[in-house]
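Undergrad: Here you go, target14.txt (compact mmCIF, C-alpha atoms):
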```
# COMPACT_ATOMS: atom_id res chain seq x y z
CA MET A 23 64.11 -29.96 28.95
CA ILE A 24 60.44 -30.47 29.75
CA ALA A 25 59.42 -29.06 26.35
CA ILE A 26 61.48 -31.72 24.53
CA ALA A 27 60.18 -34.45 26.86
CA LEU A 28 56.61 -33.31 26.15
CA LYS A 29 57.21 -33.47 22.40
CA ILE A 30 58.61 -37.02 22.66
CA ALA A 31 55.78 -38.19 24.93
CA LEU A 32 53.05 -36.61 22.78
CA GLY A 33 54.55 -38.36 19.72
CA CYS A 34 54.64 -41.70 21.56
CA VAL A 35 51.04 -41.39 22.80
CA SER A 36 49.80 -40.35 19.33
CA LEU A 37 51.51 -43.38 17.81
CA ALA A 38 50.01 -45.55 20.56
CA MET A 39 46.52 -44.26 19.76
CA LEU A 40 47.06 -44.96 16.05
CA LEU A 41 48.10 -48.54 16.94
CA ASN A 42 44.94 -48.82 19.09
CA LEU A 43 42.84 -47.62 16.17
CA TRP A 44 44.46 -50.25 13.95
CA SER A 45 43.80 -53.07 16.41
CA LEU A 46 40.24 -51.75 16.89
CA LEU A 47 39.66 -52.06 13.14
CA LYS A 48 41.51 -55.41 12.89
CA GLY A 49 39.60 -57.18 15.65
CA PRO A 50 38.96 -60.05 14.96
CA THR A 51 36.48 -60.68 17.80
CA ALA A 52 34.27 -58.37 19.83
CA PRO A 53 36.34 -58.71 23.07
CA ASP A 54 39.43 -57.65 21.06
CA ARG A 55 37.65 -54.51 19.94
CA ILE A 56 36.47 -53.77 23.48
CA LEU A 57 40.06 -54.11 24.72
CA ALA A 58 41.29 -51.75 21.99
CA LEU A 59 38.64 -49.16 22.95
CA ASP A 60 39.57 -49.44 26.64
CA THR A 61 43.25 -48.90 25.84
CA MET A 62 42.32 -45.95 23.66
CA ALA A 63 40.49 -44.32 26.58
CA ILE A 64 43.53 -44.83 28.84
CA ASN A 65 45.82 -43.32 26.19
CA ALA A 66 43.40 -40.41 25.83
CA ILE A 67 43.81 -39.71 29.57
CA ALA A 68 47.60 -39.58 29.10
CA PHE A 69 47.16 -37.27 26.11
CA ILE A 70 44.87 -34.89 28.04
CA MET A 71 47.31 -34.73 30.96
CA LEU A 72 50.24 -33.97 28.62
CA PHE A 73 48.20 -31.19 27.01
CA GLY A 74 47.51 -29.80 30.47
CA ILE A 75 51.23 -29.70 31.30
CA GLN A 76 52.02 -28.12 27.93
CA GLY A 77 49.36 -25.44 28.28
CA GLU A 78 50.21 -24.85 31.97
CA THR A 79 46.56 -25.13 32.89
CA SER A 80 44.75 -27.41 35.29
CA VAL A 81 41.31 -27.29 33.66
CA PHE A 82 41.96 -30.63 31.94
CA PHE A 83 41.97 -32.61 35.21
CA GLU A 84 38.20 -32.92 35.26
CA ALA A 85 38.22 -34.05 31.64
CA ALA A 86 40.80 -36.74 32.44
CA LEU A 87 38.82 -37.93 35.45
CA LEU A 88 35.67 -38.08 33.32
CA MET A 89 37.51 -40.05 30.61
CA ALA A 90 38.71 -42.56 33.22
CA MET A 91 35.23 -43.11 34.63
CA VAL A 92 33.34 -43.19 31.33
CA GLY A 93 35.96 -45.50 29.78
CA PHE A 94 35.66 -47.97 32.65
CA VAL A 95 31.86 -47.90 32.71
CA GLY A 96 31.76 -48.29 28.92
CA THR A 97 34.06 -51.33 29.03
CA VAL A 98 32.01 -52.98 31.76
CA ALA A 99 28.77 -52.26 29.87
CA TYR A 100 30.14 -53.77 26.63
CA THR A 101 31.40 -56.94 28.32
CA LYS A 102 28.19 -57.25 30.32
CA PHE A 103 26.25 -57.03 27.08
CA LEU A 104 28.40 -59.78 25.53
CA LEU A 105 28.07 -61.98 28.60
CA ARG A 106 24.36 -61.64 29.32
CA GLY A 107 22.82 -60.06 26.23
CA ASP A 108 21.59 -57.23 28.45
CA ILE A 109 23.19 -54.41 30.43
CA VAL A 110 20.74 -53.62 33.23
CA GLU A 111 18.87 -56.75 34.28
CA MET B 1 64.07 -23.20 46.36
CA THR B 2 67.64 -23.49 45.19
CA PRO B 3 68.31 -23.60 41.44
CA ILE B 4 69.94 -27.03 41.74
CA LEU B 5 66.86 -28.53 43.37
CA SER B 6 64.61 -26.86 40.81
CA THR B 7 66.69 -28.27 37.93
CA ALA B 8 66.70 -31.72 39.53
CA LEU B 9 62.91 -31.67 39.87
CA ASP B 10 62.59 -30.50 36.26
CA ALA B 11 64.79 -33.42 35.18
CA LEU B 12 62.63 -35.80 37.24
CA VAL B 13 59.44 -34.48 35.59
CA ALA B 14 60.99 -34.76 32.11
CA PHE B 15 62.15 -38.33 32.84
CA LEU B 16 58.70 -39.35 34.11
CA ILE B 17 56.99 -37.81 31.08
CA VAL B 18 59.24 -39.66 28.61
CA LEU B 19 58.92 -42.89 30.60
CA GLY B 20 55.13 -42.60 30.60
CA GLY B 21 54.97 -41.97 26.87
CA LEU B 22 57.27 -44.90 26.12
CA PHE B 23 55.30 -47.30 28.34
CA ALA B 24 52.01 -46.22 26.76
CA LEU B 25 53.52 -46.89 23.33
CA ILE B 26 54.90 -50.30 24.41
CA GLY B 27 51.52 -51.36 25.77
CA SER B 28 49.69 -50.39 22.60
CA TRP B 29 52.34 -52.05 20.47
CA GLY B 30 51.81 -55.26 22.44
CA LEU B 31 48.07 -54.94 21.90
CA ALA B 32 48.60 -54.64 18.14
CA LYS B 33 51.31 -57.30 17.81
CA LEU B 34 50.55 -60.20 20.20
CA PRO B 35 48.75 -63.19 18.65
CA ALA B 36 45.64 -63.92 20.75
CA LEU B 37 43.37 -62.03 23.12
CA MET B 38 44.58 -63.76 26.28
CA THR B 39 48.15 -62.63 25.56
CA ARG B 40 47.01 -59.29 24.16
CA LEU B 41 45.39 -58.43 27.50
CA HIS B 42 48.82 -58.10 29.12
CA GLY B 43 49.99 -55.09 27.12
CA PRO B 44 47.28 -52.54 27.93
CA THR B 45 46.53 -53.72 31.45
CA LYS B 46 50.11 -53.52 32.71
CA ALA B 47 52.35 -51.38 30.50
CA THR B 48 49.81 -48.73 29.51
CA THR B 49 48.45 -48.35 33.04
CA LEU B 50 51.99 -47.88 34.36
CA GLY B 51 52.71 -45.31 31.62
CA VAL B 52 49.63 -43.27 32.46
CA GLY B 53 50.54 -43.54 36.14
CA ALA B 54 54.01 -42.11 35.40
CA ILE B 55 52.52 -39.18 33.45
CA LEU B 56 50.08 -38.45 36.27
CA VAL B 57 52.89 -38.47 38.85
CA ALA B 58 54.89 -36.12 36.60
CA SER B 59 51.92 -33.75 36.47
CA MET B 60 51.55 -34.00 40.26
CA VAL B 61 55.20 -32.92 40.70
CA TRP B 62 55.10 -30.28 37.94
CA PHE B 63 52.11 -28.16 38.99
CA PRO B 64 53.30 -27.16 42.49
CA LEU B 65 56.74 -26.50 40.99
CA HIS B 66 55.37 -23.91 38.54
CA GLY B 67 53.27 -21.77 40.80
CA GLY B 68 50.17 -23.92 41.06
CA SER B 69 48.93 -25.40 44.27
CA PHE B 70 49.08 -29.10 45.06
CA SER B 71 45.95 -30.88 43.91
CA SER B 72 44.78 -34.40 44.57
CA HIS B 73 43.05 -34.78 41.20
CA GLU B 74 45.93 -36.75 39.69
CA LEU B 75 46.04 -39.01 42.71
CA LEU B 76 42.30 -39.65 42.26
CA ILE B 77 42.73 -40.47 38.57
CA THR B 78 45.70 -42.77 39.28
CA LEU B 79 43.85 -44.58 42.04
CA PHE B 80 40.76 -45.01 39.88
CA LEU B 81 42.81 -46.28 36.93
CA PHE B 82 44.78 -48.73 39.05
CA LEU B 83 41.54 -50.04 40.55
CA SER B 84 39.57 -50.27 37.32
CA ALA B 85 42.20 -51.73 34.95
CA PRO B 86 42.25 -55.26 36.51
CA ILE B 87 38.45 -55.32 36.75
CA SER B 88 37.94 -54.44 33.08
CA ALA B 89 40.64 -56.95 32.06
CA ASN B 90 38.88 -59.65 34.07
CA MET B 91 35.52 -58.78 32.46
CA ILE B 92 37.00 -58.89 28.94
CA ALA B 93 38.67 -62.27 29.59
CA LYS B 94 35.39 -63.60 30.98
CA ALA B 95 33.43 -62.44 27.93
CA TYR B 96 36.05 -64.06 25.70
CA ILE B 97 35.92 -67.42 27.53
CA HIS B 98 32.13 -67.50 27.50
CA ARG B 99 31.89 -66.66 23.82
CA ARG B 100 34.43 -69.36 22.93
CA PHE B 101 32.77 -72.10 24.94
CA ARG B 102 29.30 -71.28 23.74
CA ARG B 103 30.51 -71.88 20.19
CA CYS B 104 28.63 -68.85 18.92
CA SER B 105 31.63 -66.87 17.80
CA ALA B 106 33.66 -66.57 14.65
CA PRO B 107 35.96 -69.47 13.64
CA GLU B 108 39.11 -67.43 14.20
CA ASP B 109 38.30 -67.52 17.92
CA VAL B 110 39.03 -71.24 18.10
CA GLU B 111 42.49 -70.99 16.59
CA SER B 112 44.20 -70.12 19.86
CA ASP B 113 44.12 -72.59 22.75
CA LEU B 114 43.20 -71.48 26.22
CA PRO B 115 45.30 -72.77 29.11
CA ALA B 116 43.75 -75.74 30.93
CA PRO B 117 41.53 -74.92 33.90
CA PRO B 118 43.29 -75.23 37.26
CA GLY B 119 43.01 -78.51 39.13
CA ARG B 120 41.49 -81.79 38.03
CA GLY B 121 37.80 -82.24 37.36
CA THR B 122 37.06 -78.54 37.68
CA ASP B 123 36.09 -75.92 35.18
CA TRP B 124 36.91 -72.23 34.96
CA ALA B 125 35.40 -70.38 37.91
CA THR B 126 33.32 -68.24 35.62
CA PHE B 127 31.23 -71.30 34.67
CA GLY B 128 30.04 -71.53 38.24
CA GLN B 129 31.86 -74.70 39.37
CA HIS B 130 33.33 -74.67 42.85
CA ALA B 131 36.98 -75.66 43.09
CA ASP B 132 36.26 -78.51 45.52
CA ALA B 133 33.05 -79.70 43.88
CA PRO B 134 33.19 -83.05 42.06
CA ALA B 135 33.08 -83.03 38.30
CA ASP B 136 29.59 -83.53 36.95
CA PRO B 137 28.25 -83.99 33.43
CA SER B 138 26.69 -80.54 33.35
CA VAL B 139 30.15 -79.13 32.69
CA SER B 140 30.22 -80.67 29.26
CA GLN B 141 26.67 -79.44 28.72
CA ASN B 142 27.93 -76.00 29.56
CA LEU B 143 30.54 -76.27 26.87
CA GLN B 144 27.98 -77.04 24.18
CA GLY B 145 25.08 -74.88 23.13
CA PRO B 146 23.92 -71.47 24.37
CA ARG B 147 22.93 -71.11 27.99
CA GLN B 148 19.28 -71.69 28.81
CA ASP B 149 18.87 -68.89 31.34
CA ALA B 150 20.37 -66.10 29.27
```
Would you mind writing the file's structure down as structure tokens?
TA:
Amino acid sequence: MIAIALKIALGCVSLAMLLNLWSLLKGPTAPDRILALDTMAINAIAFIMLFGIQGETSVFFEAALLMAMVGFVGTVAYTKFLLRGDIVE
Amino acid sequence: MTPILSTALDALVAFLIVLGGLFALIGSWGLAKLPALMTRLHGPTKATTLGVGAILVASMVWFPLHGGSFSSHELLITLFLFLSAPISANMIAKAYIHRRFRRCSAPEDVESDLPAPPGRGTDWATFGQHADAPADPSVSQNLQGPRQDA
């Protein structure tokens, strides 16, 4: 039961990441691209967690936590750069 | 643990995993399909965050069930995601509004109309006008060229 659910969810998340990649390439403005990158990071967290359940290992937790933090900090840095033209003032 | 309870928990984990995958897909589809950035923000910030939350809860139920010990890592990730998603959405919307009103962005930005600022004689809060302050001509200055202090 869980194996089938994992297959469905991995397919859904892969498709979601492809859609993110498409909207990242499409744009048209810089905030659109930042939003696409942020969503891609969130989808990557879901992907890593699903891999962890599939492989029955818990070593991916740290990777997921790192993805969450780096994705958030990256988004804030990009928007800060757009707003002020500088990241650390 | 009785076999019935174990099967029920397995079914719960499978349901949460499928739900999470579907919500992640719906959020990303909204991001790709909706017409302008202000509407596009809704997909990832709500649907995708909920989907990832469902997958993390599934993992939190699954690992103690299959011999592992309970860990609070998933709870940490969920908490961090739920805290950071509104903040990053707010920052992106702010960057978008500022770029539009400074008229330094591409023409396709101007196609979509922003909703009117709340109240009368006030501007969006991000332009530094207090809600109860009277309207002054510097607002229209703000809408024109690039900012002087940047």
Undergrad: Given the choices B:Pro3, B:Gly30, B:Gly21, B:Gly51, which gets closest to chain A if the distance is worked out from all atoms listed in the file?
TA: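 Of B:Pro3, B:Gly30, B:Gly21, B:Gly51, the one nearest chain A is B:Gly21, counting all atoms listed in the file.
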Undergrad: Could you state the separation of CA of Leu19 in chain B and CA of Val35 in chain A in Å, given to one decimal place?
TA: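 CA of Val35 in chain A lies 11.2 Å from CA of Leu19 in chain B.
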Undergrad: Hey, which bits of chain B sit within 7 Å of chain A, and for each residue what's the closest pair of atoms and how far apart in Å (one decimal), counting all atoms listed in the file, rows by chain and increasing number, as a tab-separated table?
TA:
```
residue	atom	partner	partner_atom	distance
B:Asp10	CA	A:Ile24	CA	6.9
B:Ala14	CA	A:Ile24	CA	4.9
B:Ile17	CA	A:Ala27	CA	6.3
B:Val18	CA	A:Ala31	CA	5.3
B:Gly21	CA	A:Ala31	CA	4.3
B:Leu22	CA	A:Cys34	CA	6.2
B:Ala24	CA	A:Val35	CA	6.3
B:Leu25	CA	A:Ala38	CA	4.7
B:Ser28	CA	A:Ala38	CA	5.3
B:Trp29	CA	A:Leu41	CA	6.5
B:Ala32	CA	A:Ser45	CA	5.3
B:Leu37	CA	A:Asp54	CA	6.2
B:Pro44	CA	A:Thr61	CA	5.8
B:Val52	CA	A:Ala68	CA	5.4
B:Ile55	CA	A:Ala68	CA	6.6
B:Ser59	CA	A:Ile75	CA	6.6
B:His73	CA	A:Phe83	CA	6.5
B:Ile77	CA	A:Leu87	CA	5.6
B:Leu81	CA	A:Ala90	CA	6.7
B:Ser84	CA	A:Phe94	CA	6.5
B:Ser88	CA	A:Val98	CA	6.2
B:Met91	CA	A:Thr101	CA	6.1
B:Ile92	CA	A:Pro53	CA	5.9
B:Ala95	CA	A:Leu105	CA	5.4
B:Tyr96	CA	A:Pro53	CA	6.0
B:His98	CA	A:Leu105	CA	6.9
B:Ala150	CA	A:Arg106	CA	6.0
```
Undergrad: State, in Å with one decimal place, the distance from CA of Gly67 in chain B to CA of Leu50 in chain B.
TA: 26.9 Å
Undergrad: Could you tell me how far CA of Ala125 in chain B lies from CA of Pro35 in chain B, in Å and to one decimal?
TA: 24.5 Å
Undergrad: May I ask which of the residues B:Ser6, B:Leu16, B:Ala85, B:Lys33 is the closest one to Thr48 in chain B, counting all atoms listed in the file?
TA: B:Ala85
